[in-house]
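Trainee: Here's a structure for you.
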Amino acid sequence: MRVLVTGAAGFIGSQVVDLLTGAGHEVVALDALLPQAHGAGLPEWSRRHAPVVGDVRDPDLLDRLLSGVDAVCHQAAMVGHGLDPSDAPAYASHNDYGTAVLLAAMHRAGVRRLVLASSMVVYGEGRYECSRH
Ligand SMILES: NC(=O)c1ccc[n+]([C@@H]2O[C@H](COP(=O)([O-])OP(=O)(O)OC[C@H]3O[C@@H](n4cnc5c(N)ncnc54)[C@H](O)[C@@H]3O)[C@@H](O)[C@H]2O)c1
């Protein structure tokens, strides 16, 4: 399979790229290299993946990258809770709008298989109680 991995330089995306290539799949790696996640430059573990440095919110780039792609693994996101509500527009732009741009591009390209990473914000962080654990 040919798989587009977004957020390919990230914590999860880089592992996904390793697993896919190790299993013999062809990977198209994409990452915007957000300074919040990486500081300056490509992280050492991502050099072997030679990701395309670009933004998932760029429809023209997605149209090029999705050519011949069978499936998408979407890991590109700003992660965590942010510092305060002033981060909300950037989170909504990268995560919500970015996913919408990706879905529209997949529709144009006829790519129907998607693995979408949810967020820890869904299940929360902190103390949990469970009668069994
Ligand atoms: N790590 C966890 O424990 C965890 C838990 C639950 C959910 N998730 C979800 O998994 C996904 C990946 O998380 P992670 O831990 O690998 O984060 P990460 O910050 O290590 O990786 C995210 C990557 O996405 C890239 N990125 C951000 N916006 C982009 C954009 N607009 N275009 C292209 N690339 C962009 C960043 O540069 C970064 O390399 C996120 O959706 C996160 O919410 C992670």
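Ordered as shown in the structure tokens, chains take letters A, B, and onward, while each chain numbers its residues from 1 and ligands are numbered from 1 in the order shown.
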Can you tell me which residues surround Gly98 of chain A at a distance of at most 9 Å, considering only C-alpha atoms, apart from same-chain residues fewer than 2 positions away, and format the answer as a PyMOL selection string?
Mentor: chain A and resi 55-58+76-77+92-96+100-103
Trainee: I need the residues from that last selection saved to file as a JSON list (two decimals), in the first residue's frame (with all heavy atoms), if you can.
Mentor:
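File part-v2.json, as written:
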```json
[["chain", "number", "residue", "atom", "x", "y", "z"],
["A", 55, "ASP", "N", 2.26, 21.84, 5.07],
["A", 55, "ASP", "CA", 1.14, 21.98, 5.99],
["A", 55, "ASP", "C", -0.08, 21.23, 5.47],
["A", 55, "ASP", "O", -0.42, 21.35, 4.29],
["A", 55, "ASP", "CB", 0.81, 23.48, 6.13],
["A", 55, "ASP", "CG", 0.02, 23.77, 7.38],
["A", 55, "ASP", "OD1", -1.05, 23.15, 7.56],
["A", 55, "ASP", "OD2", 0.46, 24.62, 8.17],
["A", 56, "VAL", "N", -0.71, 20.49, 6.37],
["A", 56, "VAL", "CA", -1.88, 19.71, 5.98],
["A", 56, "VAL", "C", -3.05, 20.63, 5.59],
["A", 56, "VAL", "O", -4.02, 20.16, 4.99],
["A", 56, "VAL", "CB", -2.26, 18.74, 7.13],
["A", 56, "VAL", "CG1", -3.00, 19.45, 8.24],
["A", 56, "VAL", "CG2", -3.05, 17.56, 6.63],
["A", 57, "ARG", "N", -2.94, 21.90, 5.89],
["A", 57, "ARG", "CA", -3.99, 22.84, 5.50],
["A", 57, "ARG", "C", -3.80, 23.37, 4.08],
["A", 57, "ARG", "O", -4.55, 24.23, 3.64],
["A", 57, "ARG", "CB", -4.02, 24.01, 6.50],
["A", 57, "ARG", "CG", -4.40, 23.59, 7.91],
["A", 57, "ARG", "CD", -4.15, 24.69, 8.92],
["A", 57, "ARG", "NE", -2.73, 25.02, 9.00],
["A", 57, "ARG", "CZ", -2.22, 25.96, 9.78],
["A", 57, "ARG", "NH1", -3.03, 26.66, 10.58],
["A", 57, "ARG", "NH2", -0.92, 26.18, 9.79],
["A", 58, "ASP", "N", -2.78, 22.86, 3.38],
["A", 58, "ASP", "CA", -2.47, 23.33, 2.03],
["A", 58, "ASP", "C", -3.12, 22.38, 1.01],
["A", 58, "ASP", "O", -2.59, 21.29, 0.74],
["A", 58, "ASP", "CB", -0.94, 23.36, 1.86],
["A", 58, "ASP", "CG", -0.49, 23.80, 0.47],
["A", 58, "ASP", "OD1", -1.32, 23.80, -0.47],
["A", 58, "ASP", "OD2", 0.69, 24.12, 0.34],
["A", 76, "ALA", "N", -1.14, 14.62, 12.19],
["A", 76, "ALA", "CA", -0.72, 16.02, 12.29],
["A", 76, "ALA", "C", -1.68, 16.78, 13.19],
["A", 76, "ALA", "O", -2.89, 16.80, 12.94],
["A", 76, "ALA", "CB", -0.69, 16.66, 10.90],
["A", 77, "ALA", "N", -1.14, 17.40, 14.22],
["A", 77, "ALA", "CA", -1.99, 18.16, 15.14],
["A", 77, "ALA", "C", -1.12, 18.97, 16.09],
["A", 77, "ALA", "O", 0.05, 18.64, 16.31],
["A", 77, "ALA", "CB", -2.87, 17.21, 15.96],
["A", 92, "ALA", "N", -7.63, 25.08, 16.67],
["A", 92, "ALA", "CA", -8.76, 24.83, 15.77],
["A", 92, "ALA", "C", -8.30, 24.83, 14.32],
["A", 92, "ALA", "O", -8.77, 24.04, 13.50],
["A", 92, "ALA", "CB", -9.85, 25.87, 15.99],
["A", 93, "SER", "N", -7.34, 25.69, 13.99],
["A", 93, "SER", "CA", -6.86, 25.78, 12.62],
["A", 93, "SER", "C", -6.08, 24.53, 12.22],
["A", 93, "SER", "O", -6.38, 23.89, 11.21],
["A", 93, "SER", "CB", -6.00, 27.03, 12.46],
["A", 93, "SER", "OG", -5.54, 27.13, 11.14],
["A", 94, "HIS", "N", -5.09, 24.15, 13.00],
["A", 94, "HIS", "CA", -4.28, 22.97, 12.66],
["A", 94, "HIS", "C", -5.10, 21.70, 12.76],
["A", 94, "HIS", "O", -5.00, 20.82, 11.90],
["A", 94, "HIS", "CB", -3.07, 22.86, 13.59],
["A", 94, "HIS", "CG", -1.98, 23.84, 13.29],
["A", 94, "HIS", "ND1", -1.04, 23.63, 12.30],
["A", 94, "HIS", "CD2", -1.69, 25.04, 13.84],
["A", 94, "HIS", "CE1", -0.20, 24.66, 12.25],
["A", 94, "HIS", "NE2", -0.58, 25.53, 13.18],
["A", 95, "ASN", "N", -5.90, 21.56, 13.81],
["A", 95, "ASN", "CA", -6.53, 20.27, 14.09],
["A", 95, "ASN", "C", -7.88, 20.13, 13.37],
["A", 95, "ASN", "O", -8.10, 19.15, 12.67],
["A", 95, "ASN", "CB", -6.72, 20.09, 15.60],
["A", 95, "ASN", "CG", -5.39, 20.15, 16.35],
["A", 95, "ASN", "OD1", -4.34, 20.33, 15.74],
["A", 95, "ASN", "ND2", -5.44, 19.99, 17.65],
["A", 96, "ASP", "N", -8.77, 21.09, 13.56],
["A", 96, "ASP", "CA", -10.10, 20.95, 12.98],
["A", 96, "ASP", "C", -10.10, 21.34, 11.49],
["A", 96, "ASP", "O", -10.49, 20.55, 10.63],
["A", 96, "ASP", "CB", -11.11, 21.81, 13.75],
["A", 96, "ASP", "CG", -11.18, 21.41, 15.21],
["A", 96, "ASP", "OD1", -10.90, 20.24, 15.52],
["A", 96, "ASP", "OD2", -11.52, 22.27, 16.05],
["A", 100, "ALA", "N", -10.36, 19.01, 8.08],
["A", 100, "ALA", "CA", -11.37, 19.27, 7.05],
["A", 100, "ALA", "C", -10.73, 19.41, 5.67],
["A", 100, "ALA", "O", -11.24, 18.88, 4.67],
["A", 100, "ALA", "CB", -12.16, 20.53, 7.41],
["A", 101, "VAL", "N", -9.61, 20.12, 5.60],
["A", 101, "VAL", "CA", -8.91, 20.27, 4.31],
["A", 101, "VAL", "C", -8.44, 18.91, 3.80],
["A", 101, "VAL", "O", -8.56, 18.58, 2.61],
["A", 101, "VAL", "CB", -7.71, 21.24, 4.45],
["A", 101, "VAL", "CG1", -6.87, 21.27, 3.17],
["A", 101, "VAL", "CG2", -8.21, 22.65, 4.79],
["A", 102, "LEU", "N", -7.94, 18.09, 4.73],
["A", 102, "LEU", "CA", -7.49, 16.74, 4.35],
["A", 102, "LEU", "C", -8.66, 15.90, 3.83],
["A", 102, "LEU", "O", -8.54, 15.22, 2.81],
["A", 102, "LEU", "CB", -6.83, 16.07, 5.56],
["A", 102, "LEU", "CG", -6.42, 14.61, 5.36],
["A", 102, "LEU", "CD1", -5.35, 14.47, 4.28],
["A", 102, "LEU", "CD2", -5.92, 14.01, 6.68],
["A", 103, "LEU", "N", -9.78, 15.92, 4.53],
["A", 103, "LEU", "CA", -10.93, 15.12, 4.11],
["A", 103, "LEU", "C", -11.42, 15.56, 2.72],
["A", 103, "LEU", "O", -11.77, 14.71, 1.89],
["A", 103, "LEU", "CB", -12.07, 15.24, 5.13],
["A", 103, "LEU", "CG", -11.82, 14.55, 6.47],
["A", 103, "LEU", "CD1", -12.95, 14.88, 7.45],
["A", 103, "LEU", "CD2", -11.69, 13.04, 6.29]]
```
Trainee: Could you please extract the residues within 6 Å of ligand 1, counting only C-alpha atoms and all ligand atoms, and hand them back as a PDB file with all heavy atoms, in the first residue's frame?
Mentor:
```
ATOM      1  N   THR A   6       0.472  11.955   7.886  1.00  0.00           N
ATOM      2  CA  THR A   6       0.624  13.366   8.268  1.00  0.00           C
ATOM      3  C   THR A   6       1.148  13.420   9.705  1.00  0.00           C
ATOM      4  O   THR A   6       0.920  12.503  10.496  1.00  0.00           O
ATOM      5  CB  THR A   6      -0.718  14.119   8.182  1.00  0.00           C
ATOM      6  OG1 THR A   6      -1.551  13.709   9.276  1.00  0.00           O
ATOM      7  CG2 THR A   6      -1.417  13.880   6.860  1.00  0.00           C
ATOM      8  N   GLY A   7       1.863  14.482  10.027  1.00  0.00           N
ATOM      9  CA  GLY A   7       2.489  14.535  11.355  1.00  0.00           C
ATOM     10  C   GLY A   7       3.588  13.479  11.468  1.00  0.00           C
ATOM     11  O   GLY A   7       3.864  12.952  12.541  1.00  0.00           O
ATOM     12  N   ALA A   9       6.748  13.488  11.444  1.00  0.00           N
ATOM     13  CA  ALA A   9       7.949  13.710  12.260  1.00  0.00           C
ATOM     14  C   ALA A   9       7.626  13.662  13.749  1.00  0.00           C
ATOM     15  O   ALA A   9       8.525  13.782  14.578  1.00  0.00           O
ATOM     16  CB  ALA A   9       8.575  15.061  11.918  1.00  0.00           C
ATOM     17  N   GLY A  10       6.351  13.477  14.085  1.00  0.00           N
ATOM     18  CA  GLY A  10       5.938  13.532  15.488  1.00  0.00           C
ATOM     19  C   GLY A  10       6.185  12.235  16.235  1.00  0.00           C
ATOM     20  O   GLY A  10       6.656  11.239  15.680  1.00  0.00           O
ATOM     21  N   PHE A  11       5.811  12.267  17.488  1.00  0.00           N
ATOM     22  CA  PHE A  11       6.003  11.141  18.405  1.00  0.00           C
ATOM     23  C   PHE A  11       5.342   9.882  17.849  1.00  0.00           C
ATOM     24  O   PHE A  11       5.968   8.821  17.749  1.00  0.00           O
ATOM     25  CB  PHE A  11       5.398  11.528  19.763  1.00  0.00           C
ATOM     26  CG  PHE A  11       5.466  10.482  20.818  1.00  0.00           C
ATOM     27  CD1 PHE A  11       6.667  10.002  21.283  1.00  0.00           C
ATOM     28  CD2 PHE A  11       4.293   9.982  21.378  1.00  0.00           C
ATOM     29  CE1 PHE A  11       6.720   9.037  22.278  1.00  0.00           C
ATOM     30  CE2 PHE A  11       4.329   9.031  22.373  1.00  0.00           C
ATOM     31  CZ  PHE A  11       5.546   8.546  22.820  1.00  0.00           C
ATOM     32  N   ILE A  12       4.085   9.981  17.482  1.00  0.00           N
ATOM     33  CA  ILE A  12       3.362   8.813  16.980  1.00  0.00           C
ATOM     34  C   ILE A  12       3.619   8.617  15.490  1.00  0.00           C
ATOM     35  O   ILE A  12       3.891   7.503  15.038  1.00  0.00           O
ATOM     36  CB  ILE A  12       1.857   8.953  17.267  1.00  0.00           C
ATOM     37  CG1 ILE A  12       1.615   8.913  18.782  1.00  0.00           C
ATOM     38  CG2 ILE A  12       1.060   7.846  16.567  1.00  0.00           C
ATOM     39  CD1 ILE A  12       0.187   9.150  19.206  1.00  0.00           C
ATOM     40  N   GLY A  13       3.561   9.715  14.716  1.00  0.00           N
ATOM     41  CA  GLY A  13       3.714   9.581  13.269  1.00  0.00           C
ATOM     42  C   GLY A  13       5.032   8.942  12.872  1.00  0.00           C
ATOM     43  O   GLY A  13       5.072   8.119  11.943  1.00  0.00           O
ATOM     44  N   ASP A  31       5.017  16.657   7.212  1.00  0.00           N
ATOM     45  CA  ASP A  31       5.009  17.314   8.522  1.00  0.00           C
ATOM     46  C   ASP A  31       5.366  18.792   8.349  1.00  0.00           C
ATOM     47  O   ASP A  31       6.252  19.135   7.559  1.00  0.00           O
ATOM     48  CB  ASP A  31       6.014  16.662   9.482  1.00  0.00           C
ATOM     49  CG  ASP A  31       5.673  16.944  10.930  1.00  0.00           C
ATOM     50  OD1 ASP A  31       5.790  18.119  11.372  1.00  0.00           O
ATOM     51  OD2 ASP A  31       5.287  16.004  11.644  1.00  0.00           O
ATOM     52  N   ALA A  32       4.686  19.636   9.090  1.00  0.00           N
ATOM     53  CA  ALA A  32       4.954  21.073   9.035  1.00  0.00           C
ATOM     54  C   ALA A  32       6.107  21.466   9.953  1.00  0.00           C
ATOM     55  O   ALA A  32       6.521  22.630   9.957  1.00  0.00           O
ATOM     56  CB  ALA A  32       3.691  21.856   9.408  1.00  0.00           C
ATOM     57  N   LEU A  33       6.598  20.515  10.751  1.00  0.00           N
ATOM     58  CA  LEU A  33       7.692  20.779  11.704  1.00  0.00           C
ATOM     59  C   LEU A  33       7.382  22.000  12.569  1.00  0.00           C
ATOM     60  O   LEU A  33       8.163  22.963  12.608  1.00  0.00           O
ATOM     61  CB  LEU A  33       9.030  20.947  10.978  1.00  0.00           C
ATOM     62  CG  LEU A  33       9.509  19.725  10.187  1.00  0.00           C
ATOM     63  CD1 LEU A  33      10.839  20.015   9.524  1.00  0.00           C
ATOM     64  CD2 LEU A  33       9.606  18.488  11.061  1.00  0.00           C
ATOM     65  N   LEU A  34       6.262  21.955  13.253  1.00  0.00           N
ATOM     66  CA  LEU A  34       5.901  23.073  14.121  1.00  0.00           C
ATOM     67  C   LEU A  34       6.989  23.318  15.151  1.00  0.00           C
ATOM     68  O   LEU A  34       7.447  22.383  15.811  1.00  0.00           O
ATOM     69  CB  LEU A  34       4.593  22.764  14.869  1.00  0.00           C
ATOM     70  CG  LEU A  34       3.302  22.676  14.060  1.00  0.00           C
ATOM     71  CD1 LEU A  34       2.109  22.667  15.012  1.00  0.00           C
ATOM     72  CD2 LEU A  34       3.183  23.781  13.043  1.00  0.00           C
ATOM     73  N   ALA A  37       6.657  21.817  18.561  1.00  0.00           N
ATOM     74  CA  ALA A  37       6.912  20.392  18.707  1.00  0.00           C
ATOM     75  C   ALA A  37       8.382  20.050  18.528  1.00  0.00           C
ATOM     76  O   ALA A  37       8.881  19.099  19.129  1.00  0.00           O
ATOM     77  CB  ALA A  37       6.068  19.605  17.694  1.00  0.00           C
ATOM     78  N   GLY A  54       5.624  20.514   4.947  1.00  0.00           N
ATOM     79  CA  GLY A  54       4.479  21.266   4.446  1.00  0.00           C
ATOM     80  C   GLY A  54       3.308  21.119   5.390  1.00  0.00           C
ATOM     81  O   GLY A  54       3.359  20.355   6.357  1.00  0.00           O
ATOM     82  N   ASP A  55       2.262  21.838   5.068  1.00  0.00           N
ATOM     83  CA  ASP A  55       1.137  21.981   5.994  1.00  0.00           C
ATOM     84  C   ASP A  55      -0.076  21.227   5.469  1.00  0.00           C
ATOM     85  O   ASP A  55      -0.419  21.350   4.287  1.00  0.00           O
ATOM     86  CB  ASP A  55       0.811  23.477   6.131  1.00  0.00           C
ATOM     87  CG  ASP A  55       0.018  23.775   7.377  1.00  0.00           C
ATOM     88  OD1 ASP A  55      -1.049  23.155   7.562  1.00  0.00           O
ATOM     89  OD2 ASP A  55       0.458  24.624   8.166  1.00  0.00           O
ATOM     90  N   VAL A  56      -0.709  20.488   6.369  1.00  0.00           N
ATOM     91  CA  VAL A  56      -1.880  19.714   5.980  1.00  0.00           C
ATOM     92  C   VAL A  56      -3.048  20.630   5.592  1.00  0.00           C
ATOM     93  O   VAL A  56      -4.023  20.163   4.988  1.00  0.00           O
ATOM     94  CB  VAL A  56      -2.256  18.741   7.130  1.00  0.00           C
ATOM     95  CG1 VAL A  56      -3.002  19.455   8.242  1.00  0.00           C
ATOM     96  CG2 VAL A  56      -3.052  17.564   6.626  1.00  0.00           C
ATOM     97  N   ARG A  57      -2.945  21.896   5.893  1.00  0.00           N
ATOM     98  CA  ARG A  57      -3.993  22.844   5.503  1.00  0.00           C
ATOM     99  C   ARG A  57      -3.798  23.368   4.078  1.00  0.00           C
ATOM    100  O   ARG A  57      -4.551  24.232   3.638  1.00  0.00           O
ATOM    101  CB  ARG A  57      -4.023  24.010   6.504  1.00  0.00           C
ATOM    102  CG  ARG A  57      -4.404  23.590   7.913  1.00  0.00           C
ATOM    103  CD  ARG A  57      -4.155  24.693   8.923  1.00  0.00           C
ATOM    104  NE  ARG A  57      -2.734  25.023   9.000  1.00  0.00           N
ATOM    105  CZ  ARG A  57      -2.216  25.956   9.780  1.00  0.00           C
ATOM    106  NH1 ARG A  57      -3.030  26.658  10.575  1.00  0.00           N
ATOM    107  NH2 ARG A  57      -0.921  26.181   9.791  1.00  0.00           N
ATOM    108  N   GLN A  75      -1.916  12.096  11.663  1.00  0.00           N
ATOM    109  CA  GLN A  75      -1.361  12.339  13.004  1.00  0.00           C
ATOM    110  C   GLN A  75      -0.945  13.785  13.188  1.00  0.00           C
ATOM    111  O   GLN A  75      -0.413  14.143  14.242  1.00  0.00           O
ATOM    112  CB  GLN A  75      -0.137  11.436  13.234  1.00  0.00           C
ATOM    113  CG  GLN A  75      -0.400   9.953  13.077  1.00  0.00           C
ATOM    114  CD  GLN A  75      -1.336   9.420  14.136  1.00  0.00           C
ATOM    115  OE1 GLN A  75      -1.372   9.918  15.257  1.00  0.00           O
ATOM    116  NE2 GLN A  75      -2.100   8.393  13.803  1.00  0.00           N
ATOM    117  N   ALA A  76      -1.143  14.618  12.186  1.00  0.00           N
ATOM    118  CA  ALA A  76      -0.720  16.021  12.287  1.00  0.00           C
ATOM    119  C   ALA A  76      -1.676  16.780  13.187  1.00  0.00           C
ATOM    120  O   ALA A  76      -2.888  16.800  12.939  1.00  0.00           O
ATOM    121  CB  ALA A  76      -0.691  16.661  10.904  1.00  0.00           C
ATOM    122  N   ALA A  77      -1.143  17.401  14.222  1.00  0.00           N
ATOM    123  CA  ALA A  77      -1.990  18.161  15.143  1.00  0.00           C
ATOM    124  C   ALA A  77      -1.117  18.968  16.090  1.00  0.00           C
ATOM    125  O   ALA A  77       0.047  18.643  16.305  1.00  0.00           O
ATOM    126  CB  ALA A  77      -2.870  17.210  15.961  1.00  0.00           C
ATOM    127  N   MET A  78      -1.705  20.015  16.628  1.00  0.00           N
ATOM    128  CA  MET A  78      -1.153  20.603  17.840  1.00  0.00           C
ATOM    129  C   MET A  78      -1.696  19.754  18.988  1.00  0.00           C
ATOM    130  O   MET A  78      -2.877  19.393  18.992  1.00  0.00           O
ATOM    131  CB  MET A  78      -1.617  22.055  17.993  1.00  0.00           C
ATOM    132  CG  MET A  78      -0.971  22.999  17.000  1.00  0.00           C
ATOM    133  SD  MET A  78      -1.456  24.723  17.267  1.00  0.00           S
ATOM    134  CE  MET A  78      -0.585  25.106  18.798  1.00  0.00           C
ATOM    135  N   VAL A  79      -0.841  19.418  19.928  1.00  0.00           N
ATOM    136  CA  VAL A  79      -1.257  18.454  20.952  1.00  0.00           C
ATOM    137  C   VAL A  79      -1.269  19.094  22.340  1.00  0.00           C
ATOM    138  O   VAL A  79      -0.662  20.143  22.565  1.00  0.00           O
ATOM    139  CB  VAL A  79      -0.344  17.206  20.952  1.00  0.00           C
ATOM    140  CG1 VAL A  79      -0.324  16.561  19.574  1.00  0.00           C
ATOM    141  CG2 VAL A  79       1.070  17.568  21.384  1.00  0.00           C
ATOM    142  N   HIS A  94      -5.089  24.153  13.005  1.00  0.00           N
ATOM    143  CA  HIS A  94      -4.278  22.974  12.662  1.00  0.00           C
ATOM    144  C   HIS A  94      -5.100  21.697  12.765  1.00  0.00           C
ATOM    145  O   HIS A  94      -5.001  20.817  11.902  1.00  0.00           O
ATOM    146  CB  HIS A  94      -3.066  22.861  13.593  1.00  0.00           C
ATOM    147  CG  HIS A  94      -1.980  23.838  13.285  1.00  0.00           C
ATOM    148  ND1 HIS A  94      -1.037  23.628  12.298  1.00  0.00           N
ATOM    149  CD2 HIS A  94      -1.686  25.039  13.843  1.00  0.00           C
ATOM    150  CE1 HIS A  94      -0.202  24.662  12.246  1.00  0.00           C
ATOM    151  NE2 HIS A  94      -0.584  25.528  13.181  1.00  0.00           N
ATOM    152  N   GLY A  98      -7.511  21.758   9.556  1.00  0.00           N
ATOM    153  CA  GLY A  98      -6.560  20.894   8.849  1.00  0.00           C
ATOM    154  C   GLY A  98      -7.187  19.560   8.485  1.00  0.00           C
ATOM    155  O   GLY A  98      -7.001  19.052   7.367  1.00  0.00           O
ATOM    156  N   ALA A 117      -6.150  10.054  14.363  1.00  0.00           N
ATOM    157  CA  ALA A 117      -5.806  10.048  15.789  1.00  0.00           C
ATOM    158  C   ALA A 117      -6.765  10.961  16.531  1.00  0.00           C
ATOM    159  O   ALA A 117      -6.969  12.107  16.154  1.00  0.00           O
ATOM    160  CB  ALA A 117      -4.377  10.538  15.981  1.00  0.00           C
ATOM    161  N   SER A 118      -7.333  10.416  17.583  1.00  0.00           N
ATOM    162  CA  SER A 118      -8.156  11.255  18.446  1.00  0.00           C
ATOM    163  C   SER A 118      -7.236  12.034  19.387  1.00  0.00           C
ATOM    164  O   SER A 118      -6.022  12.088  19.174  1.00  0.00           O
ATOM    165  CB  SER A 118      -9.136  10.382  19.215  1.00  0.00           C
ATOM    166  OG  SER A 118     -10.001  11.175  19.981  1.00  0.00           O
ATOM    167  N   SER A 119      -7.797  12.637  20.384  1.00  0.00           N
ATOM    168  CA  SER A 119      -7.014  13.462  21.295  1.00  0.00           C
ATOM    169  C   SER A 119      -7.191  12.990  22.722  1.00  0.00           C
ATOM    170  O   SER A 119      -8.261  12.521  23.110  1.00  0.00           O
ATOM    171  CB  SER A 119      -7.477  14.917  21.194  1.00  0.00           C
ATOM    172  OG  SER A 119      -6.944  15.661  22.258  1.00  0.00           O
ATOM    173  N   MET A 120      -6.113  13.131  23.509  1.00  0.00           N
ATOM    174  CA  MET A 120      -6.248  12.794  24.928  1.00  0.00           C
ATOM    175  C   MET A 120      -7.265  13.711  25.607  1.00  0.00           C
ATOM    176  O   MET A 120      -7.761  13.401  26.688  1.00  0.00           O
ATOM    177  CB  MET A 120      -4.907  12.905  25.636  1.00  0.00           C
ATOM    178  CG  MET A 120      -4.428  14.315  25.806  1.00  0.00           C
ATOM    179  SD  MET A 120      -3.052  14.406  26.935  1.00  0.00           S
ATOM    180  CE  MET A 120      -2.879  16.171  27.044  1.00  0.00           C
TER     181      MET A 120
END
```
Trainee: Could you pull out the helix (DSSP H, G or I) residues of chain A from DSSP and send them as a ChimeraX atom specification?
Mentor: /A:11-22,35-38,44-49,59-65,85-109,120-123
Trainee: Leaving out Asp63 of chain A and any residue of its chain fewer than 2 positions from it, which residues lie within 8 Å of it when counting only C-alpha atoms, given as a PyMOL selection string?
Mentor: chain A and resi 59-61+65-67+105+108-109
Trainee: Taking the DSSP secondary structure from the backbone, can you list the residues of chain A that are strand (DSSP E or B), as a PyMOL selection string?
Mentor: chain A and resi 2-6+26-31+52-53+71-74+113-116
Trainee: Please provide the set of residues having any atom within 6 Å of Leu30 of chain A, restricted to only C-alpha atoms, with same-chain residues fewer than 4 positions apart removed, written as a PDB file with all heavy atoms, in the first residue's frame.
Mentor:
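Output below, filename around.pdb:
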```
ATOM      1  N   THR A   6       0.472  11.955   7.886  1.00  0.00           N
ATOM      2  CA  THR A   6       0.624  13.366   8.268  1.00  0.00           C
ATOM      3  C   THR A   6       1.148  13.420   9.705  1.00  0.00           C
ATOM      4  O   THR A   6       0.920  12.503  10.496  1.00  0.00           O
ATOM      5  CB  THR A   6      -0.718  14.119   8.182  1.00  0.00           C
ATOM      6  OG1 THR A   6      -1.551  13.709   9.276  1.00  0.00           O
ATOM      7  CG2 THR A   6      -1.417  13.880   6.860  1.00  0.00           C
ATOM      8  N   ALA A   8       4.227  13.199  10.334  1.00  0.00           N
ATOM      9  CA  ALA A   8       5.157  12.069  10.250  1.00  0.00           C
ATOM     10  C   ALA A   8       6.421  12.252  11.073  1.00  0.00           C
ATOM     11  O   ALA A   8       7.118  11.277  11.371  1.00  0.00           O
ATOM     12  CB  ALA A   8       5.528  11.820   8.791  1.00  0.00           C
ATOM     13  N   PRO A  51      10.741  13.539   5.304  1.00  0.00           N
ATOM     14  CA  PRO A  51       9.365  13.996   5.095  1.00  0.00           C
ATOM     15  C   PRO A  51       9.298  15.231   4.208  1.00  0.00           C
ATOM     16  O   PRO A  51      10.220  16.046   4.167  1.00  0.00           O
ATOM     17  CB  PRO A  51       8.894  14.348   6.514  1.00  0.00           C
ATOM     18  CG  PRO A  51      10.145  14.658   7.258  1.00  0.00           C
ATOM     19  CD  PRO A  51      11.216  13.779   6.674  1.00  0.00           C
ATOM     20  N   VAL A  52       8.178  15.336   3.510  1.00  0.00           N
ATOM     21  CA  VAL A  52       7.855  16.589   2.836  1.00  0.00           C
ATOM     22  C   VAL A  52       7.526  17.582   3.941  1.00  0.00           C
ATOM     23  O   VAL A  52       6.708  17.299   4.822  1.00  0.00           O
ATOM     24  CB  VAL A  52       6.630  16.415   1.918  1.00  0.00           C
ATOM     25  CG1 VAL A  52       6.200  17.749   1.323  1.00  0.00           C
ATOM     26  CG2 VAL A  52       6.930  15.391   0.830  1.00  0.00           C
TER      27      VAL A  52
END
```
Trainee: May I ask which of the residues A:Val69, A:Leu83, A:Ala23, A:Ser14 is the closest one to His49 of chain A, counting only C-alpha atoms?
Mentor: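 Going through A:Val69, A:Leu83, A:Ala23, A:Ser14 one by one, the smallest distance to His49 of chain A is for A:Ser14.
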Trainee: Would you please work out which residue, of A:Pro85, A:Ala90, A:Gly68, A:Pro43, is nearest to Met1 of chain A when using only C-alpha atoms?
Mentor: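 Residue with the minimum atom-to-atom distance to Met1 of chain A: A:Gly68.
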Trainee: Atom CA of Tyr97 of chain A and atom CA of Asp70 of chain A, how far apart in Å?
Mentor: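 Between these atoms lies a distance of 22.3 Å.
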Trainee: For Val122 of chain A, which residue among A:Thr99, A:Ala88, A:Met106, A:His81 is the nearest when counting only C-alpha atoms?
Mentor: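 Of A:Thr99, A:Ala88, A:Met106, A:His81, the one nearest Val122 of chain A is A:His81, counting only C-alpha atoms.
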Trainee: If we count only C-alpha atoms, what is near Arg113 of chain A at a cut-off of 8 Å, once residues fewer than 2 positions away on the same chain are taken out, given as a PyMOL selection string?
Mentor: chain A and resi 70-72+111+115
Trainee: Restricting the calculation to only C-alpha atoms, which member of A:Cys130, A:Cys73, A:Val53, A:Arg112 is positioned closest to Gly41 of chain A?
Mentor: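 For Gly41 of chain A, the nearest of the candidates is A:Val53.
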Trainee: What is the distance, in Å and to one decimal place, between atom CA of Ala29 of chain A and atom CA of Leu42 of chain A?
Mentor: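 Between atom CA of Ala29 of chain A and atom CA of Leu42 of chain A the gap is 12.6 Å.
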Trainee: What's around Gly24 of chain A at 12 Å? Count only C-alpha atoms, leave out sequence neighbours fewer than 4 positions away in its own chain, and write the answer as a ChimeraX atom specification.
Mentor: /A:1-3,17-20
Trainee: Quick one: write out the picked residues with C-alpha atoms as a tab-separated table (two decimals), in the first residue's frame?
Mentor:
```
chain	number	residue	atom	x	y	z
A	1	MET	CA	0.00	0.00	0.00
A	2	ARG	CA	1.00	3.60	-0.48
A	3	VAL	CA	0.16	5.53	2.70
A	17	VAL	CA	6.25	5.49	9.39
A	18	ASP	CA	8.80	3.02	10.78
A	19	LEU	CA	6.16	0.30	11.17
A	20	LEU	CA	4.72	0.85	7.70
```
Trainee: Please measure the separation of atom CA of Gly124 of chain A and atom CA of Gln36 of chain A, giving the value in Å to one decimal.
Mentor: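 About the pair atom CA of Gly124 of chain A and atom CA of Gln36 of chain A: they are 21.2 Å apart.
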